[in-house]
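> See data-v4.pdb below, with PDB, C-alpha atoms.
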```
ATOM      1  CA  MET A   1      -2.854 -32.631   7.872
ATOM      2  CA  ILE A   2      -6.652 -32.489   7.574
ATOM      3  CA  ASN A   3      -7.059 -33.195  11.307
ATOM      4  CA  PHE A   4      -4.524 -30.466  12.046
ATOM      5  CA  ILE A   5      -6.539 -27.927   9.992
ATOM      6  CA  ILE A   6      -9.852 -28.977  11.590
ATOM      7  CA  ARG A   7      -8.407 -28.568  15.098
ATOM      8  CA  ARG A   8      -7.175 -25.076  14.291
ATOM      9  CA  ILE A   9     -10.561 -24.070  12.850
ATOM     10  CA  LEU A  10     -12.344 -25.347  15.961
ATOM     11  CA  TYR A  11     -10.082 -23.145  18.073
ATOM     12  CA  ILE A  12     -11.002 -20.079  15.999
ATOM     13  CA  ILE A  13     -14.768 -20.083  16.630
ATOM     14  CA  PRO A  14     -14.808 -19.758  20.459
ATOM     15  CA  THR A  15     -11.890 -17.308  20.246
ATOM     16  CA  LEU A  16     -13.836 -14.957  17.972
ATOM     17  CA  ILE A  17     -16.967 -15.194  20.134
ATOM     18  CA  GLY A  18     -15.048 -14.474  23.332
ATOM     19  CA  ILE A  19     -13.109 -11.545  21.889
ATOM     20  CA  SER A  20     -16.259 -10.044  20.345
ATOM     21  CA  ILE A  21     -17.856  -9.984  23.811
ATOM     22  CA  VAL A  22     -14.778  -8.425  25.413
ATOM     23  CA  SER A  23     -14.456  -5.859  22.604
ATOM     24  CA  PHE A  24     -18.078  -4.786  22.936
ATOM     25  CA  ILE A  25     -17.748  -4.416  26.704
ATOM     26  CA  VAL A  26     -14.556  -2.370  26.367
ATOM     27  CA  ILE A  27     -16.175  -0.035  23.835
ATOM     28  CA  ASN A  28     -19.064   0.593  26.220
ATOM     29  CA  LEU A  29     -16.907   1.132  29.334
ATOM     30  CA  PRO A  30     -16.513   4.933  28.989
ATOM     31  CA  PRO A  31     -19.550   6.768  30.371
ATOM     32  CA  GLY A  32     -22.048   8.016  27.798
ATOM     33  CA  ASP A  33     -21.794   7.678  24.033
ATOM     34  CA  TYR A  34     -21.605   9.834  20.938
ATOM     35  CA  LEU A  35     -25.371   9.962  20.441
ATOM     36  CA  THR A  36     -26.040  11.115  24.009
ATOM     37  CA  ALA A  37     -23.532  13.950  23.688
ATOM     38  CA  ARG A  38     -24.880  14.901  20.259
ATOM     39  CA  ILE A  39     -28.502  14.924  21.422
ATOM     40  CA  ALA A  40     -27.578  17.180  24.353
ATOM     41  CA  GLN A  41     -25.827  19.543  21.945
ATOM     42  CA  LEU A  42     -28.845  19.649  19.619
ATOM     43  CA  GLU A  43     -31.180  20.368  22.536
ATOM     44  CA  LEU A  44     -29.103  23.423  23.386
ATOM     45  CA  GLN A  45     -29.392  24.537  19.756
ATOM     46  CA  GLY A  46     -33.143  23.849  19.638
ATOM     47  CA  ASP A  47     -32.799  21.442  16.684
ATOM     48  CA  THR A  48     -35.634  18.941  17.187
ATOM     49  CA  THR A  49     -35.545  17.368  13.696
ATOM     50  CA  SER A  50     -31.990  16.031  13.983
ATOM     51  CA  ARG A  51     -32.680  15.031  17.566
ATOM     52  CA  HIS A  52     -35.621  12.900  16.410
ATOM     53  CA  TYR A  53     -33.384  11.179  13.817
ATOM     54  CA  LEU A  54     -30.752  10.395  16.442
ATOM     55  CA  GLU A  55     -33.419   8.969  18.727
ATOM     56  CA  GLN A  56     -34.515   6.688  15.897
ATOM     57  CA  LEU A  57     -30.919   5.479  15.513
ATOM     58  CA  ARG A  58     -30.745   4.839  19.238
ATOM     59  CA  SER A  59     -33.902   2.740  19.072
ATOM     60  CA  TYR A  60     -32.837   0.866  15.896
ATOM     61  CA  TYR A  61     -29.501  -0.233  17.353
ATOM     62  CA  GLY A  62     -30.963  -0.925  20.788
ATOM     63  CA  LEU A  63     -28.861   1.666  22.600
ATOM     64  CA  ASP A  64     -31.761   2.230  24.995
ATOM     65  CA  LYS A  65     -31.710  -1.464  25.976
ATOM     66  CA  PRO A  66     -29.450  -3.457  28.351
ATOM     67  CA  ILE A  67     -25.894  -4.016  27.162
ATOM     68  CA  TYR A  68     -26.354  -7.741  26.494
ATOM     69  CA  VAL A  69     -29.270  -6.949  24.175
ATOM     70  CA  GLN A  70     -27.139  -4.338  22.420
ATOM     71  CA  TYR A  71     -24.414  -6.944  21.939
ATOM     72  CA  PHE A  72     -26.743  -9.492  20.314
ATOM     73  CA  ILE A  73     -28.178  -6.822  17.996
ATOM     74  CA  TRP A  74     -24.670  -5.680  17.047
ATOM     75  CA  ILE A  75     -23.225  -9.151  16.428
ATOM     76  CA  LYS A  76     -26.307 -10.270  14.486
ATOM     77  CA  ASN A  77     -26.021  -7.265  12.182
ATOM     78  CA  PHE A  78     -22.232  -7.723  11.922
ATOM     79  CA  ILE A  79     -22.607 -11.301  10.669
ATOM     80  CA  ARG A  80     -25.076 -10.066   8.043
ATOM     81  CA  GLY A  81     -22.571  -7.444   6.853
ATOM     82  CA  ASP A  82     -24.322  -4.478   8.495
ATOM     83  CA  PHE A  83     -21.571  -2.879  10.572
ATOM     84  CA  GLY A  84     -23.799  -0.031  11.673
ATOM     85  CA  ILE A  85     -23.656   3.721  11.174
ATOM     86  CA  SER A  86     -20.765   5.973  12.046
ATOM     87  CA  PHE A  87     -22.491   8.554  14.202
ATOM     88  CA  GLU A  88     -19.831  11.204  13.647
ATOM     89  CA  TYR A  89     -19.594  10.877   9.866
ATOM     90  CA  ASN A  90     -23.269   9.879   9.416
ATOM     91  CA  LYS A  91     -22.239   7.215   6.911
ATOM     92  CA  PRO A  92     -22.327   3.407   6.923
ATOM     93  CA  VAL A  93     -19.222   2.020   8.585
ATOM     94  CA  LYS A  94     -18.512  -0.356   5.700
ATOM     95  CA  ASP A  95     -18.342   2.594   3.280
ATOM     96  CA  LEU A  96     -15.835   4.441   5.479
ATOM     97  CA  ILE A  97     -13.620   1.396   5.836
ATOM     98  CA  LYS A  98     -13.852   0.502   2.152
ATOM     99  CA  GLU A  99     -12.565   3.945   1.175
ATOM    100  CA  ARG A 100      -9.304   3.459   3.078
ATOM    101  CA  LEU A 101      -8.808  -0.294   3.266
ATOM    102  CA  ALA A 102      -7.304  -0.741  -0.221
ATOM    103  CA  LEU A 103      -4.548   1.811   0.439
ATOM    104  CA  THR A 104      -3.921   0.302   3.876
ATOM    105  CA  VAL A 105      -3.562  -3.205   2.434
ATOM    106  CA  LEU A 106      -1.215  -1.921  -0.292
ATOM    107  CA  LEU A 107       0.957  -0.123   2.272
ATOM    108  CA  SER A 108       1.039  -3.121   4.615
ATOM    109  CA  VAL A 109       1.896  -5.631   1.877
ATOM    110  CA  PHE A 110       4.732  -3.474   0.542
ATOM    111  CA  THR A 111       6.040  -2.965   4.086
ATOM    112  CA  MET A 112       5.960  -6.687   4.857
ATOM    113  CA  PHE A 113       7.724  -7.455   1.564
ATOM    114  CA  PHE A 114      10.360  -4.793   2.345
ATOM    115  CA  THR A 115      11.066  -6.108   5.848
ATOM    116  CA  TRP A 116      11.391  -9.730   4.732
ATOM    117  CA  ILE A 117      13.490  -9.113   1.631
ATOM    118  CA  VAL A 118      15.909  -6.983   3.669
ATOM    119  CA  SER A 119      16.024  -8.735   7.038
ATOM    120  CA  ILE A 120      16.345 -12.416   6.004
ATOM    121  CA  PRO A 121      19.486 -12.073   3.787
ATOM    122  CA  ILE A 122      21.101  -9.724   6.324
ATOM    123  CA  GLY A 123      20.253 -12.045   9.215
ATOM    124  CA  VAL A 124      21.700 -15.034   7.334
ATOM    125  CA  TYR A 125      24.863 -13.108   6.455
ATOM    126  CA  SER A 126      25.345 -11.935  10.055
ATOM    127  CA  ALA A 127      24.936 -15.458  11.392
ATOM    128  CA  THR A 128      27.319 -17.035   8.883
ATOM    129  CA  HIS A 129      29.892 -14.217   9.373
ATOM    130  CA  GLN A 130      29.603 -13.857  13.130
ATOM    131  CA  TYR A 131      31.588 -10.957  14.677
ATOM    132  CA  SER A 132      32.811  -9.775  11.294
ATOM    133  CA  PHE A 133      32.931  -6.065  10.456
ATOM    134  CA  PHE A 134      29.655  -6.112   8.530
ATOM    135  CA  ASP A 135      28.002  -8.210  11.230
ATOM    136  CA  ARG A 136      28.766  -5.459  13.737
ATOM    137  CA  ILE A 137      27.473  -2.791  11.329
ATOM    138  CA  PHE A 138      24.225  -4.677  10.740
ATOM    139  CA  THR A 139      23.867  -5.243  14.488
ATOM    140  CA  LEU A 140      24.192  -1.503  15.087
ATOM    141  CA  ILE A 141      21.615  -0.726  12.394
ATOM    142  CA  SER A 142      19.157  -3.333  13.693
ATOM    143  CA  PHE A 143      19.387  -2.032  17.271
ATOM    144  CA  ALA A 144      18.855   1.509  15.978
ATOM    145  CA  GLY A 145      15.782   0.346  14.086
ATOM    146  CA  MET A 146      14.340  -1.400  17.134
ATOM    147  CA  ALA A 147      14.978   1.626  19.371
ATOM    148  CA  THR A 148      13.611   4.320  17.040
ATOM    149  CA  PRO A 149       9.813   4.831  17.048
ATOM    150  CA  GLY A 150       8.349   5.049  13.571
ATOM    151  CA  PHE A 151       6.544   8.334  14.205
ATOM    152  CA  LEU A 152       9.787   9.965  15.432
ATOM    153  CA  LEU A 153      11.677   8.838  12.335
ATOM    154  CA  ALA A 154       8.802  10.195  10.221
ATOM    155  CA  LEU A 155       9.051  13.613  11.894
ATOM    156  CA  VAL A 156      12.823  13.757  11.392
ATOM    157  CA  LEU A 157      12.589  12.849   7.701
ATOM    158  CA  LEU A 158       9.740  15.306   7.107
ATOM    159  CA  VAL A 159      11.734  18.175   8.601
ATOM    160  CA  PHE A 160      14.920  17.167   6.756
ATOM    161  CA  VAL A 161      13.242  16.918   3.353
ATOM    162  CA  LEU A 162      11.316  20.163   3.918
ATOM    163  CA  PHE A 163      14.409  22.212   4.783
ATOM    164  CA  ARG A 164      16.797  20.429   2.405
ATOM    165  CA  PHE A 165      14.607  20.158  -0.706
ATOM    166  CA  GLY A 166      11.755  22.553   0.098
ATOM    167  CA  THR A 167       9.076  19.940  -0.493
ATOM    168  CA  SER A 168       6.591  18.059   1.676
ATOM    169  CA  LEU A 169       6.247  14.297   1.902
ATOM    170  CA  LEU A 170       2.840  14.298   3.581
ATOM    171  CA  GLY A 171       0.132  12.036   2.191
ATOM    172  CA  LEU A 172       0.218   9.405  -0.513
ATOM    173  CA  PHE A 173      -0.676  11.668  -3.435
ATOM    174  CA  SER A 174       0.351  14.986  -4.902
ATOM    175  CA  PRO A 175      -2.240  17.779  -4.426
ATOM    176  CA  GLU A 176      -3.515  17.473  -8.010
ATOM    177  CA  TYR A 177      -4.237  13.750  -7.566
ATOM    178  CA  VAL A 178      -5.844  13.757  -4.096
ATOM    179  CA  ASN A 179      -9.438  13.990  -5.316
ATOM    180  CA  ALA A 180      -8.823  12.904  -8.907
ATOM    181  CA  PRO A 181     -10.309   9.627 -10.228
ATOM    182  CA  TRP A 182      -7.990   6.664 -10.537
ATOM    183  CA  SER A 183      -5.743   6.682 -13.593
ATOM    184  CA  PHE A 184      -2.313   5.453 -14.589
ATOM    185  CA  GLY A 185      -0.853   8.834 -13.645
ATOM    186  CA  LYS A 186      -2.414   8.670 -10.180
ATOM    187  CA  PHE A 187      -1.066   5.152  -9.667
ATOM    188  CA  ILE A 188       2.469   6.260 -10.605
ATOM    189  CA  ASP A 189       2.116   9.222  -8.247
ATOM    190  CA  LEU A 190       1.084   6.817  -5.470
ATOM    191  CA  LEU A 191       4.204   4.706  -6.031
ATOM    192  CA  LYS A 192       6.361   7.851  -5.857
ATOM    193  CA  HIS A 193       4.972   8.670  -2.411
ATOM    194  CA  LEU A 194       4.717   5.112  -1.098
ATOM    195  CA  TRP A 195       8.417   4.491  -0.495
ATOM    196  CA  LEU A 196       8.695   6.839   2.504
ATOM    197  CA  PRO A 197       6.020   5.257   4.748
ATOM    198  CA  VAL A 198       7.204   1.773   3.676
ATOM    199  CA  VAL A 199      10.794   2.527   4.752
ATOM    200  CA  ILE A 200       9.730   4.279   7.967
ATOM    201  CA  ILE A 201       7.284   1.588   9.096
ATOM    202  CA  GLY A 202       9.533  -1.227   7.907
ATOM    203  CA  PHE A 203      12.711   0.126   9.544
ATOM    204  CA  SER A 204      11.715  -0.915  13.049
ATOM    205  CA  GLY A 205      10.349  -4.282  11.947
ATOM    206  CA  THR A 206      13.455  -4.985   9.884
ATOM    207  CA  GLY A 207      15.739  -4.431  12.865
ATOM    208  CA  GLY A 208      13.811  -6.893  14.997
ATOM    209  CA  LEU A 209      13.650  -9.576  12.298
ATOM    210  CA  ILE A 210      17.408  -9.316  11.653
ATOM    211  CA  ARG A 211      18.137 -10.036  15.313
ATOM    212  CA  ILE A 212      15.671 -12.948  15.422
ATOM    213  CA  MET A 213      16.967 -14.475  12.196
ATOM    214  CA  ARG A 214      20.590 -14.144  13.265
ATOM    215  CA  GLY A 215      20.013 -15.661  16.705
ATOM    216  CA  ASN A 216      17.913 -18.563  15.437
ATOM    217  CA  LEU A 217      20.306 -19.408  12.627
ATOM    218  CA  LEU A 218      23.324 -19.367  14.958
ATOM    219  CA  ASP A 219      21.525 -21.879  17.161
ATOM    220  CA  ILE A 220      20.565 -24.100  14.212
ATOM    221  CA  LEU A 221      24.073 -24.048  12.725
ATOM    222  CA  GLY A 222      25.315 -25.680  15.916
ATOM    223  CA  GLN A 223      22.942 -28.650  15.665
ATOM    224  CA  PRO A 224      24.331 -32.164  14.983
ATOM    225  CA  TYR A 225      22.422 -32.659  11.722
ATOM    226  CA  ILE A 226      24.132 -29.568  10.271
ATOM    227  CA  PHE A 227      27.561 -31.086  11.066
ATOM    228  CA  THR A 228      26.354 -34.322   9.474
ATOM    229  CA  ALA A 229      25.294 -32.507   6.286
ATOM    230  CA  ARG A 230      28.701 -30.828   6.085
ATOM    231  CA  ALA A 231      30.459 -34.132   6.709
ATOM    232  CA  LYS A 232      28.641 -35.613   3.706
ATOM    233  CA  GLY A 233      30.334 -33.027   1.512
ATOM    234  CA  LEU A 234      27.324 -30.807   0.762
ATOM    235  CA  LYS A 235      28.059 -27.257  -0.325
ATOM    236  CA  GLU A 236      27.940 -24.730   2.489
ATOM    237  CA  SER A 237      25.335 -22.624   0.682
ATOM    238  CA  ARG A 238      23.081 -25.686   0.375
ATOM    239  CA  VAL A 239      23.560 -26.582   4.035
ATOM    240  CA  VAL A 240      22.678 -23.052   5.129
ATOM    241  CA  TRP A 241      19.745 -22.257   2.839
ATOM    242  CA  ARG A 242      18.282 -25.738   2.341
ATOM    243  CA  TYR A 243      18.509 -27.106   5.869
ATOM    244  CA  ALA A 244      19.357 -24.410   8.420
ATOM    245  CA  VAL A 245      17.344 -21.421   7.161
ATOM    246  CA  ARG A 246      14.249 -23.559   6.629
ATOM    247  CA  ILE A 247      14.103 -24.266  10.373
ATOM    248  CA  ALA A 248      15.431 -20.908  11.578
ATOM    249  CA  ILE A 249      12.739 -19.033   9.667
ATOM    250  CA  ASN A 250       9.901 -20.613  11.687
ATOM    251  CA  PRO A 251       9.605 -17.789  14.269
ATOM    252  CA  LEU A 252       9.516 -15.237  11.464
ATOM    253  CA  VAL A 253       6.523 -17.019   9.951
ATOM    254  CA  SER A 254       4.738 -16.783  13.304
ATOM    255  CA  ILE A 255       5.580 -13.081  13.528
ATOM    256  CA  ALA A 256       4.234 -12.552  10.003
ATOM    257  CA  GLY A 257       0.931 -14.084  11.092
ATOM    258  CA  MET A 258       0.722 -11.783  14.103
ATOM    259  CA  SER A 259       1.549  -8.745  11.971
ATOM    260  CA  LEU A 260      -1.525  -9.243   9.771
ATOM    261  CA  PRO A 261      -3.678  -6.952  11.993
ATOM    262  CA  GLY A 262      -1.322  -4.166  10.930
ATOM    263  CA  ILE A 263      -3.319  -4.150   7.695
ATOM    264  CA  ILE A 264      -6.171  -2.630   9.723
ATOM    265  CA  GLY A 265      -4.133  -0.667  12.243
ATOM    266  CA  GLY A 266      -1.977   0.764   9.496
ATOM    267  CA  GLU A 267       0.713   1.849  12.001
ATOM    268  CA  MET A 268      -1.573   4.426  13.531
ATOM    269  CA  LEU A 269       0.891   7.030  14.864
ATOM    270  CA  THR A 270       3.061   7.028  11.749
ATOM    271  CA  SER A 271      -0.033   7.362   9.556
ATOM    272  CA  ILE A 272      -1.207  10.347  11.601
ATOM    273  CA  VAL A 273       2.200  12.065  11.383
ATOM    274  CA  LEU A 274       2.461  11.496   7.620
ATOM    275  CA  ASN A 275      -1.238  12.312   7.027
ATOM    276  CA  LEU A 276      -1.819   8.985   5.279
ATOM    277  CA  PRO A 277      -5.393   8.167   4.141
ATOM    278  CA  THR A 278      -5.304   4.737   5.814
ATOM    279  CA  THR A 279      -7.530   3.083   8.398
ATOM    280  CA  GLY A 280      -5.239   3.842  11.358
ATOM    281  CA  PRO A 281      -6.163   7.541  11.815
ATOM    282  CA  LEU A 282      -9.841   6.697  11.272
ATOM    283  CA  PHE A 283      -9.683   4.080  14.040
ATOM    284  CA  TYR A 284      -7.973   6.560  16.373
ATOM    285  CA  ARG A 285     -10.651   9.173  15.684
ATOM    286  CA  ALA A 286     -13.408   6.631  16.337
ATOM    287  CA  LEU A 287     -11.917   5.797  19.739
ATOM    288  CA  GLN A 288     -11.582   9.475  20.603
ATOM    289  CA  MET A 289     -15.181  10.307  19.726
ATOM    290  CA  GLN A 290     -16.696   7.097  21.158
ATOM    291  CA  ASP A 291     -18.054   6.294  17.709
ATOM    292  CA  MET A 292     -18.919   2.828  18.973
ATOM    293  CA  TYR A 293     -19.885   1.015  15.782
ATOM    294  CA  LEU A 294     -16.912   2.308  13.826
ATOM    295  CA  ALA A 295     -14.506   1.488  16.672
ATOM    296  CA  GLY A 296     -16.175  -1.878  17.318
ATOM    297  CA  THR A 297     -15.920  -2.871  13.664
ATOM    298  CA  PHE A 298     -12.217  -2.036  13.648
ATOM    299  CA  LEU A 299     -11.654  -4.117  16.789
ATOM    300  CA  MET A 300     -13.487  -7.081  15.288
ATOM    301  CA  PHE A 301     -11.520  -6.845  12.043
ATOM    302  CA  LEU A 302      -8.283  -6.642  14.050
ATOM    303  CA  THR A 303      -9.344  -9.820  15.840
ATOM    304  CA  ILE A 304     -10.330 -11.601  12.635
ATOM    305  CA  PHE A 305      -7.076 -10.661  10.927
ATOM    306  CA  LEU A 306      -5.050 -11.768  13.961
ATOM    307  CA  VAL A 307      -6.805 -15.145  14.164
ATOM    308  CA  LEU A 308      -6.605 -15.601  10.384
ATOM    309  CA  GLY A 309      -2.924 -14.634  10.395
ATOM    310  CA  ASN A 310      -2.141 -17.150  13.119
ATOM    311  CA  PHE A 311      -4.095 -19.819  11.245
ATOM    312  CA  LEU A 312      -2.159 -19.190   8.027
ATOM    313  CA  ALA A 313       1.093 -19.101   9.995
ATOM    314  CA  ASP A 314       0.239 -22.499  11.531
ATOM    315  CA  LEU A 315      -0.332 -23.945   8.060
ATOM    316  CA  ALA A 316       2.925 -22.466   6.764
ATOM    317  CA  LEU A 317       4.840 -23.797   9.774
ATOM    318  CA  ALA A 318       3.323 -27.254   9.299
ATOM    319  CA  TRP A 319       4.506 -27.162   5.681
ATOM    320  CA  LEU A 320       8.009 -25.928   6.578
ATOM    321  CA  ASP A 321       8.412 -28.264   9.559
ATOM    322  CA  PRO A 322       6.212 -31.408   9.191
ATOM    323  CA  ARG A 323       6.802 -32.308  12.858
ATOM    324  CA  ILE A 324       4.433 -29.499  13.929
ATOM    325  CA  LYS A 325       1.259 -31.010  12.488
ATOM    326  CA  TYR A 326       1.716 -34.121  14.630
ATOM    327  CA  GLU A 327       2.003 -32.221  17.897
TER     328      GLU A 327
END
```
Show me, as structure tokens, the structure contained in the file I just sent.


Amino acid sequence: MINFIIRRILYIIPTLIGISIVSFIVINLPPGDYLTARIAQLELQGDTTSRHYLEQLRSYYGLDKPIYVQYFIWIKNFIRGDFGISFEYNKPVKDLIKERLALTVLLSVFTMFFTWIVSIPIGVYSATHQYSFFDRIFTLISFAGMATPGFLLALVLLVFVLFRFGTSLLGLFSPEYVNAPWSFGKFIDLLKHLWLPVVIIGFSGTGGLIRIMRGNLLDILGQPYIFTARAKGLKESRVVWRYAVRIAINPLVSIAGMSLPGIIGGEMLTSIVLNLPTTGPLFYRALQMQDMYLAGTFLMFLTIFLVLGNFLADLALAWLDPRIKYE
């Protein structure tokens, strides 16, 4: 097991280096940058003081140097925890991300818990009651979930609730709690608003996981060792949950690892529609405005979370199926 972990860690290092280079190149592909556009705007306004400050930023981050020099300056500062300055917001990038990351993590964790606790039992039931009435109903619901974009479902629910109950479901807090300091009342208010984005974001993911769980379990239930376990007189529930589900759940573990970047992305379109104070809309704005350090930091965190998620998924798979660690 130790050799298995070491091999996976050795794969991570060159992956992060390679993706950091690609990410930095992609960010710099569009012509110009935010500072150039801002300096041109200030020159038209005759503001020389702000222009001098922006020129200092350009020199500090090496934006007047070749792109490979800019990359080494950026990655050196990133490793030290200096993610740069958001040119649009004129604030350190780490402060902007810190403000929204906690709510994004909370939303993502609740959504992942919702999708797993709903999809696994339904997938197991559908597989063990193939072509039954409820299997067909769950199949219909899962296909609907896979075919319905989250942002469209959010729009439909917003309009329905507004016209039916005369209230708005935008945001994660009531108006009186938006700028209020954290308290028990604010936390309860957050939980009251959290269910809608969790259901909307989780609906699509739940549909996909139901189909995967059902298909995998049907395949596993036809394996010879399952017939052997039944022939030994084991209870059907033990055969299904102890032996079959343990193997059938492997692809879901891999999917969970790949879904970890959603903690940063925060289901961008759905967050924009619902006006959620998560990292997704901030990332989208950074890409729009060519706020390179803010966008670059998001891309690097997406990469780190993806690699970390896959690493944790590999460890979980090796624990669930010991054959994997010897491959």

> Find the distance between CA of Arg242 in chain A and CA of Leu217 in chain A and write it in Å to one decimal.

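Interatomic distance, CA of Arg242 in chain A to CA of Leu217 in chain A: 12.2 Å.
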
> The PyMOL selection byres ((chain A and resi 114) around 12) - which residues does that actually catch in the file I just gave you? List them as an mmCIF file with C-alpha atoms, in the frame of the given file.


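Output file part_4.cif is given in full below:
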```cif
data_model
loop_
_atom_site.group_PDB
_atom_site.id
_atom_site.type_symbol
_atom_site.label_atom_id
_atom_site.label_comp_id
_atom_site.auth_asym_id
_atom_site.auth_seq_id
_atom_site.Cartn_x
_atom_site.Cartn_y
_atom_site.Cartn_z
ATOM 1 C CA LEU A 107 0.957 -0.123 2.272
ATOM 2 C CA SER A 108 1.039 -3.121 4.615
ATOM 3 C CA VAL A 109 1.896 -5.631 1.877
ATOM 4 C CA PHE A 110 4.732 -3.474 0.542
ATOM 5 C CA THR A 111 6.040 -2.965 4.086
ATOM 6 C CA MET A 112 5.960 -6.687 4.857
ATOM 7 C CA PHE A 113 7.724 -7.455 1.564
ATOM 8 C CA THR A 115 11.066 -6.108 5.848
ATOM 9 C CA TRP A 116 11.391 -9.730 4.732
ATOM 10 C CA ILE A 117 13.490 -9.113 1.631
ATOM 11 C CA VAL A 118 15.909 -6.983 3.669
ATOM 12 C CA SER A 119 16.024 -8.735 7.038
ATOM 13 C CA ILE A 120 16.345 -12.416 6.004
ATOM 14 C CA PRO A 121 19.486 -12.073 3.787
ATOM 15 C CA LEU A 194 4.717 5.112 -1.098
ATOM 16 C CA TRP A 195 8.417 4.491 -0.495
ATOM 17 C CA LEU A 196 8.695 6.839 2.504
ATOM 18 C CA PRO A 197 6.020 5.257 4.748
ATOM 19 C CA VAL A 198 7.204 1.773 3.676
ATOM 20 C CA VAL A 199 10.794 2.527 4.752
ATOM 21 C CA ILE A 200 9.730 4.279 7.967
ATOM 22 C CA ILE A 201 7.284 1.588 9.096
ATOM 23 C CA GLY A 202 9.533 -1.227 7.907
ATOM 24 C CA PHE A 203 12.711 0.126 9.544
ATOM 25 C CA SER A 204 11.715 -0.915 13.049
ATOM 26 C CA GLY A 205 10.349 -4.282 11.947
ATOM 27 C CA THR A 206 13.455 -4.985 9.884
ATOM 28 C CA GLY A 207 15.739 -4.431 12.865
ATOM 29 C CA LEU A 209 13.650 -9.576 12.298
#
```

> So which residues touch range 248-254 of chain A within 7 Å, counting all atoms listed in the file, skipping near sequence neighbours fewer than 5 positions away, as a list in words?

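Within the cut-off, the hits are Met213, Asn216, Leu217, Ile220, Asn310, Ala313 and Leu317 of chain A.
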
> Neighbouring residues of Ile272 in chain A were defined as those with any atom within 10 Å, considering all atoms listed in the file; residues of the same chain fewer than 5 positions away were excluded. Please report them as a list in words.

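Here the qualifying residues turn out to be Phe151, Leu170, Gly171, Gly266, Glu267, Pro277, Thr278, Gly280, Pro281, Leu282 and Tyr284 of chain A.
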
> When distances are computed from all atoms listed in the file, which of A:Thr279, A:Asn77, A:Gln223, A:Thr270 shows the smallest separation from Arg100 in chain A?

A:Thr279

> As an exercise, work out the distance from CA of Val239 in chain A to CA of Gly222 in chain A in Å and give it to one decimal place.

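Going from CA of Val239 in chain A over to CA of Gly222 in chain A, I get 12.0 Å.
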
> So which one's closest to Leu10 in chain A, A:Ile212, A:Val307, A:Ile137, A:Val93? Using only C-alpha atoms, please.

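Comparing A:Ile212, A:Val307, A:Ile137, A:Val93 against Leu10 in chain A, the winner is A:Val307.
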
> Write out as a PyMOL selection string the residues lying within 12 Å of Ile12 in chain A, counting all atoms listed in the file and excluding same-chain residues fewer than 2 positions away.

chain A and resi 5-10+14-19+303-312

> What gap, in Å, lies between CA of Ile122 in chain A and CA of Ile210 in chain A?

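Between CA of Ile122 in chain A and CA of Ile210 in chain A the gap works out to 6.5 Å.
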
> Please list, as an MDAnalysis selection string, the residues that have an atom at most 12 Å away from (-5.5, 14.9, -4.1) in the coordinates of this file, counting all atoms listed in the file.

chainID A and resid 170:182 186 189:190 276:277

> Supply range 143-154 of chain A as a JSON list (two decimals), in the coordinates of the input, with N, CA and C atoms built in where the input has gaps.


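Wrote it out as out-v7.json, contents follow:
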```json
[["chain", "number", "residue", "atom", "x", "y", "z"],
["A", 143, "PHE", "N", 19.72, -2.58, 15.95],
["A", 143, "PHE", "CA", 19.39, -2.03, 17.27],
["A", 143, "PHE", "C", 18.83, -0.62, 17.14],
["A", 144, "ALA", "N", 19.38, 0.16, 16.21],
["A", 144, "ALA", "CA", 18.86, 1.51, 15.98],
["A", 144, "ALA", "C", 17.42, 1.45, 15.48],
["A", 145, "GLY", "N", 17.14, 0.49, 14.59],
["A", 145, "GLY", "CA", 15.78, 0.35, 14.09],
["A", 145, "GLY", "C", 14.81, -0.06, 15.17],
["A", 146, "MET", "N", 15.22, -0.95, 16.06],
["A", 146, "MET", "CA", 14.34, -1.40, 17.13],
["A", 146, "MET", "C", 14.10, -0.30, 18.16],
["A", 147, "ALA", "N", 15.08, 0.60, 18.33],
["A", 147, "ALA", "CA", 14.98, 1.63, 19.37],
["A", 147, "ALA", "C", 14.31, 2.90, 18.89],
["A", 148, "THR", "N", 14.15, 3.07, 17.59],
["A", 148, "THR", "CA", 13.61, 4.32, 17.04],
["A", 148, "THR", "C", 12.13, 4.16, 16.72],
["A", 149, "PRO", "N", 11.25, 4.91, 17.39],
["A", 149, "PRO", "CA", 9.81, 4.83, 17.05],
["A", 149, "PRO", "C", 9.57, 5.32, 15.63],
["A", 150, "GLY", "N", 8.63, 4.70, 14.95],
["A", 150, "GLY", "CA", 8.35, 5.05, 13.57],
["A", 150, "GLY", "C", 7.90, 6.49, 13.41],
["A", 151, "PHE", "N", 7.06, 6.97, 14.34],
["A", 151, "PHE", "CA", 6.54, 8.33, 14.20],
["A", 151, "PHE", "C", 7.66, 9.36, 14.39],
["A", 152, "LEU", "N", 8.67, 9.04, 15.24],
["A", 152, "LEU", "CA", 9.79, 9.96, 15.43],
["A", 152, "LEU", "C", 10.65, 10.02, 14.18],
["A", 153, "LEU", "N", 10.92, 8.88, 13.59],
["A", 153, "LEU", "CA", 11.68, 8.84, 12.34],
["A", 153, "LEU", "C", 10.94, 9.59, 11.24],
["A", 154, "ALA", "N", 9.61, 9.47, 11.21],
["A", 154, "ALA", "CA", 8.80, 10.20, 10.22],
["A", 154, "ALA", "C", 8.95, 11.70, 10.39]]
```
